[in-house]
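Visitor: Have a look at the structure that comes next, please.
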Amino acid sequence: MDISGTVVKKTARTALKGNYFKTVIVSCIFIFAWIVLYECVKITGAVAGPVAAFALLAAVIVFLIFPLAQGFVYYSVRLIFGSDCEPQVLFKYFSGGKEYLRALKLSVILAGNAAFFGIFLFFPVVLCDLTANGGLFKMMGAEIPSWASWLSVLSHILRIIALAILLSLMLKFYLSPFLVAANEDMDIFEALQISKTIARVTRREFIFLICGFIGYIVACVFVIPMIFVFPYFAAAYAVHCRYAVAAYNKNADGMSAAPSFEADISF
């Protein structure tokens with residue numbers, strides 16, 4: 001299945017025409033909310049310690065940031081389908097208990113999967129860190145050998161490998177936020193299953209799309225404020241997902257046992 005990154009970007013730019021300024025406002029709100037919440041976590045860490053800060057950060061991401069990000073996805077989906085887009089759409093999943101629980105359910109499931117895989121993948125990293133800084137030997141009441149510090153290099157290598165594997169495993173769910181936003185009647189578990197099914201053949205194109213934004217990412221660091229580029233990222237993600245679902249449906253028509261999913265969602 002070939003989903004051209006060039007076509008995705010061109011379609012995303014077309015969708016942004018006439019809505020770019022409003023999308024920048026949405027980006028400002030989202031990024032500002034993240035900065036404020038992160039600073040609150042840092043203050044907590046300074047007072048209560050790193051463990052409390054980590055727990056609070058995880059809670060903030062799951063209960064606040066992800067539902068807000070899901071609202072951004074919903075806004076982007078409306079954008080590419082040509083519906084009216086107003087900045088307040090960002091808070092869709094805070095507009096009612098049912099909407100919030102829907103976003104929270106997806107957030108908890110994705111966070112749970114990431115945590116489950118992360119525990120196993122990062123265990124060797126933690127073990128290397130404890131050995132390198134002498135913590136493991138202190139717990140055993142033994143002297144710290146001279147070679148222990150060299151394990152810090154191995155720890156960095158294992159951390160990169162673990163992170164790469166974790167991202168690869170989680171990519172199978174990358175379509176689920178789009179599916180949940182695009183079809184409000186779709187069950188969360190159904191969206192996750194559909195995402196896994198389609199991602200088997202579209203994950204490579206999505207990775208290529210991300211790589212195609214490396215120049216913009218570098219520009220965000222050194223030249224262009226993120227608020228001006230983030231709308232492009234979000235629109236391209238939504239366009240790619242729409243093409244991925246449509247392409248899968250087209251190919252599924254010739255498969256007797258293949259499921260088919262509605263791609264042309266309207267608001």
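Numbering starts fresh at 1 for the residues of each chain in the structure tokens, the chains themselves are lettered A, B, ... in the order given, and ligands are numbered from 1 as they appear.
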Write out as a list in words which residues come within 12 Å of A:Phe120 when counting only C-alpha atoms, dropping same-chain ones fewer than 3 positions away.
Guide: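 Contacts, with the query itself left out: Asn113, Ala114, Ala115, Phe116, Phe117, Phe123, Pro124, Val125, Val126, Leu127, Arg159, Ala162, Leu163, Ile165 and Leu166 of chain A.
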Visitor: Using only C-alpha atoms, what table do you get, as JSON lines, when you list each residue of stretch 65-142 of chain A with an atom no more than 8 Å from stretch 232-246 of chain A, its nearest pair of atoms, and their distance in Å rounded to one decimal, rows by chain then rising number?
Guide:
{"residue": "A:Phe72", "atom": "CA", "partner": "A:Ala234", "partner_atom": "CA", "distance": 7.7}
{"residue": "A:Val73", "atom": "CA", "partner": "A:Ala234", "partner_atom": "CA", "distance": 7.0}
{"residue": "A:Ser76", "atom": "CA", "partner": "A:Ala235", "partner_atom": "CA", "distance": 5.5}
{"residue": "A:Val77", "atom": "CA", "partner": "A:Ala238", "partner_atom": "CA", "distance": 5.8}
{"residue": "A:Leu79", "atom": "CA", "partner": "A:Ala235", "partner_atom": "CA", "distance": 7.5}
{"residue": "A:Ile80", "atom": "CA", "partner": "A:Val239", "partner_atom": "CA", "distance": 6.6}
Visitor: Emit the selected residues as a CSV table (one decimal), in the first residue's frame, including N, CA, C and O atoms.
Guide:
chain,number,residue,atom,x,y,z
A,72,PHE,N,-7.5,17.9,19.8
A,72,PHE,CA,-6.7,18.5,18.6
A,72,PHE,C,-6.9,17.6,17.4
A,72,PHE,O,-7.0,18.0,16.3
A,73,VAL,N,-6.9,16.2,17.7
A,73,VAL,CA,-7.1,15.3,16.6
A,73,VAL,C,-8.5,15.5,16.0
A,73,VAL,O,-8.7,15.5,14.8
A,76,SER,N,-8.5,18.5,13.9
A,76,SER,CA,-7.9,18.2,12.6
A,76,SER,C,-8.7,17.3,11.6
A,76,SER,O,-8.7,17.5,10.4
A,77,VAL,N,-9.4,16.4,12.2
A,77,VAL,CA,-10.3,15.6,11.4
A,77,VAL,C,-11.4,16.4,10.8
A,77,VAL,O,-11.7,16.3,9.6
A,79,LEU,N,-11.2,19.5,10.2
A,79,LEU,CA,-10.5,20.4,9.2
A,79,LEU,C,-10.4,19.7,7.8
A,79,LEU,O,-10.7,20.3,6.8
A,80,ILE,N,-9.9,18.5,7.8
A,80,ILE,CA,-9.7,17.8,6.5
A,80,ILE,C,-11.0,17.4,5.8
A,80,ILE,O,-11.0,17.1,4.6
Visitor: Hey, which of A:Leu169, A:Ala58, A:Leu209, A:Ile65 ends up closest to A:Gly5? Count only C-alpha atoms.
Guide: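 Of all the options, A:Leu209 lies closest to A:Gly5.
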Visitor: Env of A:Ile217: 12 Å cut, atoms = only C-alpha atoms, seq-sep filter 2 positions within chain, self excluded. Answer as an MDAnalysis selection string.
Guide: chainID A and resid 210:215 219:230 232:233
Visitor: Do you know which residues are at most 7 Å from A:Asn133 counting only C-alpha atoms, after dropping those on the same chain fewer than 3 positions away, and could you put them as a list of chain:residue names?
Guide: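 Surrounding residues, per the criterion: A:Asp129, A:Leu130, A:Ser149.
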Visitor: Give me, please, the distance in Å between atom CA of A:Thr197 and atom CA of A:Gly71, quoted to one decimal.
Guide: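 Going from atom CA of A:Thr197 over to atom CA of A:Gly71 covers 23.9 Å.
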Visitor: Contacts between stretch 41-44 of chain A and stretch 58-153 of chain A, please, where a residue of stretch 58-153 of chain A counts if it comes within 12 Å (with only C-alpha atoms); show its shortest atom pair and distance in Å to one decimal, rows by chain and ascending number, as JSON lines.
Guide:
{"residue": "A:Ala58", "atom": "CA", "partner": "A:Val41", "partner_atom": "CA", "distance": 9.8}
{"residue": "A:Ala59", "atom": "CA", "partner": "A:Val41", "partner_atom": "CA", "distance": 10.2}
{"residue": "A:Val60", "atom": "CA", "partner": "A:Val41", "partner_atom": "CA", "distance": 8.5}
{"residue": "A:Ile61", "atom": "CA", "partner": "A:Val41", "partner_atom": "CA", "distance": 10.8}
Visitor: Restricting it to N, CA and C atoms, dump the selection as a PDB file, in the first residue's frame.
Guide:
ATOM      1  N   ALA A  58       2.783  11.423  34.931  1.00  0.00           N
ATOM      2  CA  ALA A  58       2.029  10.351  34.282  1.00  0.00           C
ATOM      3  C   ALA A  58       0.531  10.615  34.370  1.00  0.00           C
ATOM      4  N   ALA A  59       0.065  11.065  35.545  1.00  0.00           N
ATOM      5  CA  ALA A  59      -1.355  11.354  35.737  1.00  0.00           C
ATOM      6  C   ALA A  59      -1.806  12.527  34.870  1.00  0.00           C
ATOM      7  N   VAL A  60      -0.969  13.560  34.792  1.00  0.00           N
ATOM      8  CA  VAL A  60      -1.295  14.736  33.980  1.00  0.00           C
ATOM      9  C   VAL A  60      -1.420  14.353  32.503  1.00  0.00           C
ATOM     10  N   ILE A  61      -0.500  13.523  32.023  1.00  0.00           N
ATOM     11  CA  ILE A  61      -0.540  13.104  30.621  1.00  0.00           C
ATOM     12  C   ILE A  61      -1.794  12.286  30.334  1.00  0.00           C
TER      13      ILE A  61
END
Visitor: Please report as a Markdown table every residue of stretch 79-173 of chain A lying within 8 Å of stretch 18-31 of chain A, along with the nearest atom pair and their distance in Å (one decimal), using only C-alpha atoms.
Guide:
| residue | atom | partner | partner_atom | distance |
| --- | --- | --- | --- | --- |
| A:Leu79 | CA | A:Asn19 | CA | 7.9 |
| A:Cys85 | CA | A:Asn19 | CA | 7.6 |
| A:Glu86 | CA | A:Lys22 | CA | 6.9 |
| A:Pro87 | CA | A:Val26 | CA | 5.3 |
| A:Leu90 | CA | A:Val26 | CA | 6.7 |
Visitor: Restricted to N, CA, C and O atoms, what would the selected residues look like written as a compact mmCIF listing (two decimals), in the first residue's frame?
Guide:
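The result, written out as again.txt:
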# COMPACT_ATOMS: atom_id res chain seq x y z
N LEU A 79 -11.18 19.49 10.16
CA LEU A 79 -10.49 20.36 9.21
C LEU A 79 -10.37 19.70 7.84
O LEU A 79 -10.71 20.29 6.81
N CYS A 85 -14.49 24.75 11.73
CA CYS A 85 -13.50 24.53 12.78
C CYS A 85 -13.38 25.78 13.62
O CYS A 85 -12.98 26.83 13.11
N GLU A 86 -13.70 25.67 14.87
CA GLU A 86 -13.53 26.77 15.81
C GLU A 86 -12.58 26.32 16.92
O GLU A 86 -12.56 25.13 17.28
N PRO A 87 -11.80 27.23 17.47
CA PRO A 87 -10.81 26.84 18.50
C PRO A 87 -11.38 26.08 19.68
O PRO A 87 -10.70 25.22 20.25
N LEU A 90 -11.18 22.21 20.43
CA LEU A 90 -10.07 21.58 21.15
C LEU A 90 -10.53 20.96 22.47
O LEU A 90 -9.98 19.94 22.91
Visitor: Taking into account only C-alpha atoms, which residue in the set A:Ala111, A:Met170, A:Val218, A:Cys40 is nearest to A:Arg200?
Guide: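 Checking each candidate against A:Arg200, we get A:Met170 as the closest.
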Visitor: Could you tell me, as a ChimeraX atom specification, which residues of stretch 23-140 of chain A DSSP assigns to alpha helix (DSSP H) when given the backbone?
Guide: /A:23-48,50-60,66-80,97-132,135-140
Visitor: Here is a test: counting only C-alpha atoms, which residue of A:Asp84, A:Glu205, A:Asp185, A:Glu39 is nearest to A:Arg102?
Guide: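 Nearest to A:Arg102: A:Asp185.
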